[in-house]
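Novice: Sharing a structure below in structure tokens format, with a few things to ask.
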Protein chains: 2
Amino acid sequence: MSTTIDIRLPDGAIKQMPKGSTPLAVAQSISEGLARAVLSASYNGTTIESKTPLIEDGDLVLYTWNDANGKKAFWHSSAHVLAQALEQLYPGIKLTIGPAIDSGFYYDIDAGEYNISEKDLPTIEKRILEIARGKHDFHLREVSKEDALKFYQDADNSYKTELIEGLEDGTITFCDHDDFTDLCRGGHIPNTATIKAVKLTNIAGAYWRADEKNKQLTRIYGVSFPKQKLLTEHLALLEEAKKRDHRKLGAELGLFTFSQKVGQGLPLWLPKGAALRERLEQFLRKAQTKAGYEQVVTPHIGQKELYVTSGHYEKYGADSFQPINTPADGEEFLLKPMNCPHHCEIYNASPWSYRDLPIRLAEFGTVYRYEQSGELHGLTRVRGFTQDDAHIFCTPEQLNAEFIGVIDLVLYVFGALGFQDFKTQVSVRDPKKPEKYIGNHKLWDEAEKAIIRAAEQKGLDYVVEEGEAAFYGPKLDFMVKDALGRSWQLGTIQVDYNLPERFDLQYKGSDNSMHRPVMIHRAPFGSMERFVAILIEHTAGNFPLWLTPTQVQLLCVSEKHEKYAQKVSEFLENNEIRALVDNRSETIGKKIREAEMSKVPFMGIIGEQEAAQETVSIREHGGNDLGTMSLRDFAALVESRQAAEVKVFETN
Amino acid sequence: MSTTIDIRLPDGAIKQMPKGSTPLAVAQSISEGLARAVLSASYNGTTIESKTPLIEDGDLVLYTWNDANGKKAFWHSSAHVLAQALEQLYPGIKLTIGPAIDSGFYYDIDAGEYNISEKDLPTIEKRILEIARGKHDFHLREVSKEDALKFYQDADNSYKTELIEGLEDGTITFCDHDDFTDLCRGGHIPNTATIKAVKLTNIAGAYWRADEKNKQLTRIYGVSFPKQKLLTEHLALLEEAKKRDHRKLGAELGLFTFSQKVGQGLPLWLPKGAALRERLEQFLRKAQTKAGYEQVVTPHIGQKELYVTSGHYEKYGADSFQPINTPADGEEFLLKPMNCPHHCEIYNASPWSYRDLPIRLAEFGTVYRYEQSGELHGLTRVRGFTQDDAHIFCTPEQLNAEFIGVIDLVLYVFGALGFQDFKTQVSVRDPKKPEKYIGNHKLWDEAEKAIIRAAEQKGLDYVVEEGEAAFYGPKLDFMVKDALGRSWQLGTIQVDYNLPERFDLQYKGSDNSMHRPVMIHRAPFGSMERFVAILIEHTAGNFPLWLTPTQVQLLCVSEKHEKYAQKVSEFLENNEIRALVDNRSETIGKKIREAEMSKVPFMGIIGEQEAAQETVSIREHGGNDLGTMSLRDFAALVESRQAAEVKVFETN
């Protein structure tokens, strides 16, 4: 029997190590620095501890703070320390669950008689750091179901016993550190000492097992870091995100509102917001026309039958807005949750030959999807939204070219709106589960290759994720980083073999027989609502000049200059520049401050001299003084700035 | 006791006539010609026969063929003759009802064992004319309920006895002519001889009392005229209307389609139709922006509560698309049947001062209203349509100016779309029933005066109709004549005192206290769907140049000219001219014929010479040859033609 094992690292290198070596030991064999940074690991695709002995050949991935999995282990371990601190401070409380989440961790406890509140959080934070400094190792150990149940029965904790009842004997593990033990599946950092900074961010109620019939528990949210500096940065980011919150800025800038009577999650676009949205639509419409798309308009409802055909009714019917009955005729309609079934019916309204394809049908289609009221959030999680939707019906041979065309369009949109930092993901089949996917396997092969080839040809920074494809086709997703470093999924290009089948879409091929077209769904913005929300937060309301509601605020030094200001405003409007006149009897200083607040890109100051010389003094948002210039020069300046932002869309 | 009575004519003249004189005698006392033309009359507002003796003072209106009431009497009388002819040809059939309708008349019969079909109609027409030539007088006589019942019991006609059961004794009349008698409320022409021409247009099934649980009857539709020439003209018009039917042209021109799966009455706008519609919207949007409107966007659903507040739920709820339930949260939504409640909520989202008013909120808002499937018709009667809606919130003092502004906008729209012939109607309160109307009477007075003043100031051809106002406010309607002489109601301007009350709309006046704004609803197109339908029929698909889908069809004489044709097409597109290239390998003759069929305003013929000289030979739709010209000259020609059609909207 061999006493060594072969450990393959992500770069393909093989390390021969003594059997029983830990991931930490592997890291150490590479460098001390790496060993210090390792937080967690996975072996043969399963998450393990950094100190789990490796006893067979396999693939090892080491995770540090820079990996999502590393952060997860860090935060999950921090939740253990939070629980320990809580037990010390509030003896007799009952622990339930405490997972890592995307932005930190939480622990739900039954606080019993204690009334823990916001003001207690600093004390808990202090205790967490005290414990952490003890450099306690995390140890994962297997426990029999009987012993596990006995442990928590002794502790009189029915939550944990309920959890254990649901587990299979032989799969149960406990994690110990210091004097603290918790039921746990694993995935910890080596010891508590790396937790250098912690912030408990919120305290809230949460039902046991998320069921409102159960007892309400106390949930404490937190986030922790391996360096104090990272926490400071994180808090600054949170502060900035709060300032940029699109709900707050949307109200301040008069872009949209909600009404209790109309219903939650249903935005009402105010004039400035509607105009901004219209400009976004016209911008995309123009680029799409150049790219050979044709606009269509379809109703916001469809017969239930339509969604039975598409398969949406079976899949989502029960969780959707319920059917609309008619007073007579016995019909049943549904609010449309997507535009594709309608577009398939438009395709089916005419016969097509291979010479007609591709057909690209676009629609700014408003769809309605039910979300529980608790899940609604500003414009990012709504119940009604307008997709910048389009469906391309093409031959399999056209797939590569169509993908390239859509990528061009998406990159054009990102460029004009200041999103520079993005990655892409190609989602393909799980090669081990071919039965999960509908459609011809040869076509899938070709489609996946066509997408990857398109990504290559456009020089995209892409990863291929196996098993991430939808059952009906592979896809390409764009993940965009905003100015605060947050990632948003914007822009999906999705191949679909399912709807062409279900709607029996056909075209006559060059062989004179009938074929199935391939369908591509795509939406560069995704939805107008979510996109505008992201754009508000990305730009902090300082929209690109071409898009912003008011481009110039004309500030009269005194009321007697109003007439000339109106003349300037008319001149600018005739030059398609959006101007507003501020002729209130306020001081010019106050007017400038307010224009700064409302984020108008240019202020045009109009006083005695400007009126006499028919000029305007221009000041940029942020304070830069561009001096006095003629109206014509100013119009030319605005035009050239806009042109630099939005170049004409060029197709490949 | 006086033996004469005073009869006042519409022009105010008083005729003193012997008591018992008939309307016919009054006509005779004026002129023989008038007497020959009189078909029916009304006395003190009640429709009477031309031979009813007048026994008290009153107001007399004489109706001829030129009046709707005259036609109604003519067609109603013709229905009697139709019934008589049917009884003669098909002994034993049972008569039910036979009213005049807008475009003629029909009679519903229980045909018993007979199977009357389309091919029998000429025979029936012939018999009608034979009877008519007998110059039989129509006589209306009172019958007791008992006698009336006995008459139809003897005839074994349970339909008529059922009708009589529902009538009050003392109000029942029969009408006799020749050997024929029918239960009838009156309104006949003097005798059958004026019926000179008849056409039975259709035979169809109809349920007794329009209830599908009842027996199905046979309905025969017809139309009749006092001159053969009028029938000939009428048939020619029908033929032309059939050719122009927007359902037929809409399909031929690829503008819209319907899908059984999406649902009846829910149009799908195909690319050409959607583009045409978008041009109409942008055209109005631009004019509205100039007129100080602001666009908003609101969702297509609203909570039931919203429509309870607006009063729509109580009034229309049961006959509308039924409420949409949610899977959780227990909410109830309705498809929005109009945009006003949403706009009221937008108004209420901010506080307003009198200085901010008027606020003009516009939206191309798609609304959904349930119509029974039998009532649906192409784009003119649909279940979902987009209103070019706007709501003006203003002070009572601003009403006159706002009305003038809206009239300007409506006239601008009509002008740009070739509707030259229209009338207007001002609908005001019934002065005798002040209790029917909500809102302050002084405000009503002012509003009615403001509307009439606006109509005067704009030099409109208007009539004032008392009692035609809605309960919530007076209004101004535009009735437009299309190219076939048919009248369409297009463009309504409606004052509303009701919604401001129900939504508690307010503004702070110059007196610093809160006031109610007045609301104006207005829609120059009415709905995009209905307007496009009317426009198709008005223009026979020959849309104004600025609006038409393809402005130029470029016809290659042979395939080798395709490259140059593409170059021409690109040049035109860069000049915002919509061009299509026909590069099929067909003869130029066939291409010209097909371009004529598709109603493209210009054909650009491209052959050897044009390609060599970089010119294009232009031929107008209809055959006019404009000769060879440079591309630049042609672009200038198209531009000047369009500019002449759509001048820039100027506000007053």
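Here, A, B, ... name the chains of the structure tokens in the order displayed, residue numbers run from 1 inside each chain, and ligands are numbered from 1 in the same displayed order.
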Wanna dump the chain A-chain B contacts at 8 Å for me, each residue with its shortest atom pair and the distance in Å to one decimal, counting only C-alpha atoms, ordered by chain and number, as CSV?
Specialist:
residue,atom,partner,partner_atom,distance
A:Thr257,CA,B:Ala349,CA,7.3
A:Ser259,CA,B:Glu345,CA,6.7
A:Lys261,CA,B:Leu306,CA,5.1
A:Val262,CA,B:Gly302,CA,4.5
A:Gly263,CA,B:Gln303,CA,5.6
A:Leu266,CA,B:Pro299,CA,6.3
A:Pro267,CA,B:Thr298,CA,6.9
A:Leu268,CA,B:Thr298,CA,4.8
A:Trp269,CA,B:Val297,CA,4.9
A:Leu270,CA,B:Val296,CA,5.4
A:Pro271,CA,B:Val296,CA,5.1
A:Gly273,CA,B:Val296,CA,7.9
A:Ala274,CA,B:Val296,CA,5.3
A:Ala275,CA,B:Gln295,CA,6.9
A:Glu294,CA,B:Pro271,CA,5.5
A:Gln295,CA,B:Pro271,CA,5.4
A:Val296,CA,B:Pro271,CA,5.1
A:Val297,CA,B:Trp269,CA,4.9
A:Thr298,CA,B:Leu268,CA,4.9
A:Pro299,CA,B:Leu266,CA,6.3
A:His300,CA,B:His300,CA,7.8
A:Ile301,CA,B:Val262,CA,7.6
A:Gly302,CA,B:Val262,CA,4.5
A:Gln303,CA,B:Val262,CA,5.2
A:Glu305,CA,B:Lys261,CA,6.1
A:Leu306,CA,B:Lys261,CA,5.2
A:Ala318,CA,B:Pro327,CA,6.9
A:Asp319,CA,B:Pro327,CA,5.8
A:Ser320,CA,B:Pro327,CA,6.6
A:Phe321,CA,B:Thr326,CA,5.1
A:Gln322,CA,B:Asn325,CA,5.2
A:Pro323,CA,B:Ile324,CA,6.3
A:Ile324,CA,B:Gln322,CA,5.6
A:Asn325,CA,B:Gln322,CA,5.2
A:Thr326,CA,B:Phe321,CA,5.1
A:Pro327,CA,B:Asp319,CA,5.8
A:Ala328,CA,B:Gln372,CA,6.9
A:Asp329,CA,B:Gln372,CA,7.0
A:His342,CA,B:Val262,CA,6.9
A:Glu345,CA,B:Ser259,CA,6.7
A:Ile346,CA,B:Leu268,CA,7.1
A:Ala349,CA,B:Thr257,CA,7.3
A:Leu361,CA,B:Pro271,CA,7.9
A:Tyr370,CA,B:Thr326,CA,7.2
A:Gln372,CA,B:Ala328,CA,6.9
A:Ser373,CA,B:Asp329,CA,7.0
A:Gly384,CA,B:Pro299,CA,6.9
Novice: If you count only C-alpha atoms, which residues fall within 9 Å of Val616 of chain A, apart from same-chain ones fewer than 5 positions away, as a PyMOL selection string?
Specialist: chain A and resi 554+568+604-607+609-611+627-631+634
Novice: Next, dump the selected residues to file, keeping only N, CA and C atoms, as a JSON list (two decimals), in the first residue's frame.
Specialist:
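As written to disk, selection_7.json reads:
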[["chain", "number", "residue", "atom", "x", "y", "z"],
["A", 554, "LEU", "N", -30.26, 77.09, -16.12],
["A", 554, "LEU", "CA", -29.91, 78.49, -16.35],
["A", 554, "LEU", "C", -30.28, 79.29, -15.11],
["A", 568, "VAL", "N", -32.32, 82.12, -24.10],
["A", 568, "VAL", "CA", -31.25, 81.12, -24.11],
["A", 568, "VAL", "C", -31.87, 79.72, -24.08],
["A", 604, "GLY", "N", -25.67, 77.41, -16.29],
["A", 604, "GLY", "CA", -25.42, 78.57, -17.12],
["A", 604, "GLY", "C", -25.81, 79.81, -16.33],
["A", 605, "ILE", "N", -24.82, 80.60, -15.93],
["A", 605, "ILE", "CA", -25.12, 81.76, -15.09],
["A", 605, "ILE", "C", -25.36, 82.97, -15.98],
["A", 606, "ILE", "N", -26.45, 83.65, -15.70],
["A", 606, "ILE", "CA", -26.90, 84.73, -16.58],
["A", 606, "ILE", "C", -27.09, 86.00, -15.77],
["A", 607, "GLY", "N", -26.20, 86.97, -16.05],
["A", 607, "GLY", "CA", -26.29, 88.26, -15.36],
["A", 607, "GLY", "C", -26.24, 89.39, -16.36],
["A", 609, "GLN", "N", -23.80, 91.15, -17.70],
["A", 609, "GLN", "CA", -22.83, 91.06, -18.79],
["A", 609, "GLN", "C", -23.28, 90.05, -19.85],
["A", 610, "GLU", "N", -23.73, 88.86, -19.39],
["A", 610, "GLU", "CA", -24.15, 87.81, -20.33],
["A", 610, "GLU", "C", -25.32, 88.30, -21.19],
["A", 611, "ALA", "N", -26.28, 88.96, -20.54],
["A", 611, "ALA", "CA", -27.46, 89.43, -21.27],
["A", 611, "ALA", "C", -27.03, 90.48, -22.31],
["A", 627, "GLY", "N", -15.96, 79.30, -18.02],
["A", 627, "GLY", "CA", -15.90, 80.68, -18.51],
["A", 627, "GLY", "C", -17.12, 81.06, -19.35],
["A", 628, "THR", "N", -17.04, 82.25, -19.90],
["A", 628, "THR", "CA", -18.15, 82.82, -20.67],
["A", 628, "THR", "C", -18.01, 82.42, -22.14],
["A", 629, "MET", "N", -19.13, 82.02, -22.75],
["A", 629, "MET", "CA", -19.05, 81.65, -24.17],
["A", 629, "MET", "C", -20.35, 81.99, -24.88],
["A", 630, "SER", "N", -20.29, 82.00, -26.20],
["A", 630, "SER", "CA", -21.49, 82.28, -26.98],
["A", 630, "SER", "C", -22.43, 81.08, -26.89],
["A", 631, "LEU", "N", -23.70, 81.31, -27.17],
["A", 631, "LEU", "CA", -24.68, 80.22, -27.10],
["A", 631, "LEU", "C", -24.30, 79.12, -28.08],
["A", 634, "PHE", "N", -21.52, 77.04, -26.76],
["A", 634, "PHE", "CA", -21.97, 76.15, -25.69],
["A", 634, "PHE", "C", -22.74, 74.95, -26.26]]
Novice: As a ChimeraX atom specification, which residues of segment 166-293 of chain A does DSSP assign to helix (DSSP H, G or I)?
Specialist: /A:192-194,208-210,228-244,246-252,271-290
Novice: Please run DSSP on the backbone and report, as a ChimeraX atom specification, all residues within segment 237-358 of chain B that come out as strand (DSSP E).
Specialist: /B:256-257,268-269,294-295,301-303,324-325,332-335
Novice: Just all heavy atoms for this one: save the residues we selected as a compact mmCIF listing (two decimals), in the first residue's frame.
Specialist:
# COMPACT_ATOMS: atom_id res chain seq x y z
N PHE B 256 -50.90 44.21 -38.86
CA PHE B 256 -51.25 43.56 -37.59
C PHE B 256 -51.87 42.21 -37.86
O PHE B 256 -52.23 41.89 -39.01
CB PHE B 256 -52.22 44.43 -36.77
CG PHE B 256 -53.51 44.73 -37.47
CD1 PHE B 256 -54.59 43.87 -37.38
CD2 PHE B 256 -53.63 45.87 -38.26
CE1 PHE B 256 -55.78 44.15 -38.06
CE2 PHE B 256 -54.81 46.15 -38.93
CZ PHE B 256 -55.88 45.28 -38.83
N THR B 257 -51.96 41.42 -36.82
CA THR B 257 -52.59 40.11 -36.94
C THR B 257 -53.24 39.76 -35.61
O THR B 257 -53.10 40.49 -34.63
CB THR B 257 -51.54 39.03 -37.35
OG1 THR B 257 -52.22 37.81 -37.66
CG2 THR B 257 -50.57 38.74 -36.21
N LEU B 268 -51.93 41.80 -32.40
CA LEU B 268 -50.47 41.71 -32.38
C LEU B 268 -49.99 42.62 -33.51
O LEU B 268 -50.33 42.40 -34.67
CB LEU B 268 -50.02 40.26 -32.66
CG LEU B 268 -50.54 39.18 -31.71
CD1 LEU B 268 -50.24 37.80 -32.27
CD2 LEU B 268 -49.90 39.35 -30.34
N TRP B 269 -49.22 43.62 -33.19
CA TRP B 269 -48.74 44.57 -34.19
C TRP B 269 -47.48 44.02 -34.84
O TRP B 269 -46.46 43.84 -34.18
CB TRP B 269 -48.46 45.92 -33.55
CG TRP B 269 -49.70 46.64 -33.13
CD1 TRP B 269 -50.42 46.42 -32.00
CD2 TRP B 269 -50.39 47.67 -33.85
NE1 TRP B 269 -51.51 47.25 -31.96
CE2 TRP B 269 -51.51 48.03 -33.08
CE3 TRP B 269 -50.16 48.33 -35.06
CZ2 TRP B 269 -52.41 49.02 -33.49
CZ3 TRP B 269 -51.04 49.32 -35.46
CH2 TRP B 269 -52.15 49.65 -34.69
N GLU B 294 -46.13 66.54 -20.14
CA GLU B 294 -45.03 65.70 -19.66
C GLU B 294 -45.49 64.25 -19.70
O GLU B 294 -46.60 63.93 -19.26
CB GLU B 294 -44.69 66.07 -18.21
CG GLU B 294 -44.25 67.51 -18.05
CD GLU B 294 -43.91 67.80 -16.60
OE1 GLU B 294 -44.82 67.77 -15.75
OE2 GLU B 294 -42.74 68.07 -16.32
N GLN B 295 -44.65 63.39 -20.25
CA GLN B 295 -44.99 61.97 -20.32
C GLN B 295 -44.77 61.30 -18.98
O GLN B 295 -43.81 61.61 -18.28
CB GLN B 295 -44.13 61.26 -21.37
CG GLN B 295 -44.37 61.71 -22.80
CD GLN B 295 -45.64 61.16 -23.40
OE1 GLN B 295 -46.07 60.05 -23.06
NE2 GLN B 295 -46.27 61.91 -24.28
N ILE B 301 -51.94 47.38 -14.36
CA ILE B 301 -52.86 46.88 -13.36
C ILE B 301 -52.89 47.86 -12.21
O ILE B 301 -52.01 48.73 -12.09
CB ILE B 301 -52.48 45.47 -12.83
CG1 ILE B 301 -51.06 45.45 -12.26
CG2 ILE B 301 -52.61 44.43 -13.93
CD1 ILE B 301 -50.67 44.12 -11.62
N GLY B 302 -53.90 47.74 -11.37
CA GLY B 302 -54.00 48.56 -10.19
C GLY B 302 -54.81 47.79 -9.17
O GLY B 302 -55.63 46.93 -9.55
N GLN B 303 -54.59 48.08 -7.90
CA GLN B 303 -55.37 47.38 -6.89
C GLN B 303 -56.85 47.71 -7.02
O GLN B 303 -57.20 48.83 -7.39
CB GLN B 303 -54.90 47.80 -5.50
CG GLN B 303 -53.65 47.08 -5.07
CD GLN B 303 -53.52 47.10 -3.57
OE1 GLN B 303 -53.80 46.13 -2.90
NE2 GLN B 303 -53.10 48.23 -3.05
N ILE B 324 -57.75 39.95 -10.45
CA ILE B 324 -56.58 39.08 -10.45
C ILE B 324 -56.19 38.86 -8.99
O ILE B 324 -55.85 39.82 -8.29
CB ILE B 324 -55.40 39.76 -11.19
CG1 ILE B 324 -55.82 40.13 -12.61
CG2 ILE B 324 -54.17 38.86 -11.17
CD1 ILE B 324 -54.93 41.21 -13.24
N ASN B 325 -56.20 37.62 -8.56
CA ASN B 325 -55.79 37.34 -7.19
C ASN B 325 -54.31 37.02 -7.15
O ASN B 325 -53.71 36.67 -8.16
CB ASN B 325 -56.60 36.17 -6.63
CG ASN B 325 -58.05 36.55 -6.46
OD1 ASN B 325 -58.38 37.48 -5.75
ND2 ASN B 325 -58.93 35.84 -7.16
N GLU B 332 -55.87 41.96 -4.46
CA GLU B 332 -56.74 41.84 -5.63
C GLU B 332 -56.42 42.98 -6.59
O GLU B 332 -56.48 44.15 -6.21
CB GLU B 332 -58.20 41.97 -5.19
CG GLU B 332 -58.97 40.67 -5.29
CD GLU B 332 -60.43 40.91 -4.94
OE1 GLU B 332 -60.70 41.52 -3.89
OE2 GLU B 332 -61.30 40.50 -5.72
N PHE B 333 -56.08 42.64 -7.82
CA PHE B 333 -55.76 43.66 -8.83
C PHE B 333 -56.77 43.60 -9.97
O PHE B 333 -57.42 42.58 -10.20
CB PHE B 333 -54.36 43.42 -9.39
CG PHE B 333 -53.27 43.70 -8.40
CD1 PHE B 333 -52.81 42.70 -7.55
CD2 PHE B 333 -52.72 44.96 -8.30
CE1 PHE B 333 -51.82 42.97 -6.61
CE2 PHE B 333 -51.72 45.23 -7.37
CZ PHE B 333 -51.27 44.23 -6.53
N LEU B 334 -56.85 44.71 -10.70
CA LEU B 334 -57.67 44.73 -11.92
C LEU B 334 -56.80 45.21 -13.07
O LEU B 334 -55.92 46.06 -12.89
CB LEU B 334 -58.85 45.69 -11.74
CG LEU B 334 -59.95 45.21 -10.80
CD1 LEU B 334 -60.89 46.36 -10.45
CD2 LEU B 334 -60.75 44.08 -11.46
N LEU B 335 -57.04 44.65 -14.25
CA LEU B 335 -56.45 45.22 -15.46
C LEU B 335 -56.96 46.65 -15.55
O LEU B 335 -58.15 46.90 -15.34
CB LEU B 335 -56.94 44.45 -16.68
CG LEU B 335 -56.23 43.14 -16.97
CD1 LEU B 335 -56.97 42.41 -18.09
CD2 LEU B 335 -54.79 43.37 -17.38
Novice: Suppose you want the space between atom CA of Gly491 of chain A and atom CA of Lys433 of chain A; what is it in Å?
Specialist: 27.0 Å
Novice: Atom CA of Ser78 of chain B to atom CA of Ile55 of chain B: how many Å, to one decimal?
Specialist: 28.2 Å
Novice: Could you give me, as a ChimeraX atom specification, the residues within 12 Å of Gly509 of chain A, counting only C-alpha atoms and dropping anything in the same chain fewer than 4 positions from it?
Specialist: /A:351-357,394-397,513-517
Novice: With a distance cut-off of 10 Å and only C-alpha atoms, select the neighbouring residues of segment 88-99 of chain B, excluding the residue or stretch itself and same-chain residues fewer than 5 positions from it, and output the selection as a ChimeraX atom specification.
Specialist: /B:72-73,75-80,82-83,104-116,123-124,127,152,155-163,180,182-184,208-209,217,219-221
Novice: Please produce an output containing C-alpha atoms for each residue in the selection, written as a compact mmCIF listing (two decimals), in the first residue's frame.
Specialist:
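Output below, filename part_30.txt:
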# COMPACT_ATOMS: atom_id res chain seq x y z
CA LYS B 72 -85.33 55.80 -39.51
CA ALA B 73 -89.04 56.10 -40.36
CA TRP B 75 -86.38 51.96 -42.90
CA HIS B 76 -88.80 51.10 -40.12
CA SER B 77 -91.65 51.25 -42.63
CA SER B 78 -89.63 49.15 -45.05
CA ALA B 79 -89.31 46.49 -42.34
CA HIS B 80 -93.13 46.28 -42.30
CA LEU B 82 -90.39 43.08 -45.68
CA ALA B 83 -92.48 41.28 -43.06
CA GLY B 104 -81.12 50.05 -42.74
CA PHE B 105 -83.40 47.60 -41.00
CA TYR B 106 -83.93 43.93 -40.21
CA TYR B 107 -86.72 41.58 -39.31
CA ASP B 108 -86.34 38.52 -37.09
CA ILE B 109 -88.71 35.69 -37.95
CA ASP B 110 -89.31 32.19 -36.73
CA ALA B 111 -89.19 30.55 -40.15
CA GLY B 112 -90.69 27.30 -38.90
CA GLU B 113 -90.12 24.58 -41.50
CA TYR B 114 -88.78 26.95 -44.15
CA ASN B 115 -85.09 27.15 -44.83
CA ILE B 116 -84.70 30.67 -46.20
CA THR B 123 -87.32 36.99 -54.76
CA ILE B 124 -88.14 38.70 -51.48
CA ARG B 127 -92.06 41.12 -53.78
CA TYR B 152 -101.76 37.25 -31.91
CA ALA B 155 -102.29 33.89 -35.18
CA ASP B 156 -100.57 31.45 -32.79
CA ASN B 157 -97.66 33.90 -32.39
CA SER B 158 -96.24 33.55 -28.87
CA TYR B 159 -93.41 36.02 -29.60
CA LYS B 160 -95.80 38.90 -30.11
CA THR B 161 -98.00 37.90 -27.15
CA GLU B 162 -94.87 37.82 -24.99
CA LEU B 163 -94.06 41.35 -26.15
CA PHE B 180 -100.86 43.63 -43.26
CA ASP B 182 -98.12 44.53 -37.05
CA LEU B 183 -97.64 45.44 -33.43
CA CYS B 184 -95.79 48.73 -33.63
CA TRP B 208 -85.01 35.62 -29.55
CA ARG B 209 -84.38 38.51 -27.20
CA LEU B 217 -84.54 32.96 -35.32
CA ARG B 219 -82.70 37.61 -39.25
CA ILE B 220 -82.92 39.30 -42.63
CA TYR B 221 -81.07 42.58 -43.01
Novice: Go through A:Leu476, A:Leu230, A:Gln282, A:Leu399 and flag the residue nearest Glu446 of chain A, using only C-alpha atoms for the distances.
Specialist: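 Nearest candidate to Glu446 of chain A out of A:Leu476, A:Leu230, A:Gln282, A:Leu399: A:Leu399.
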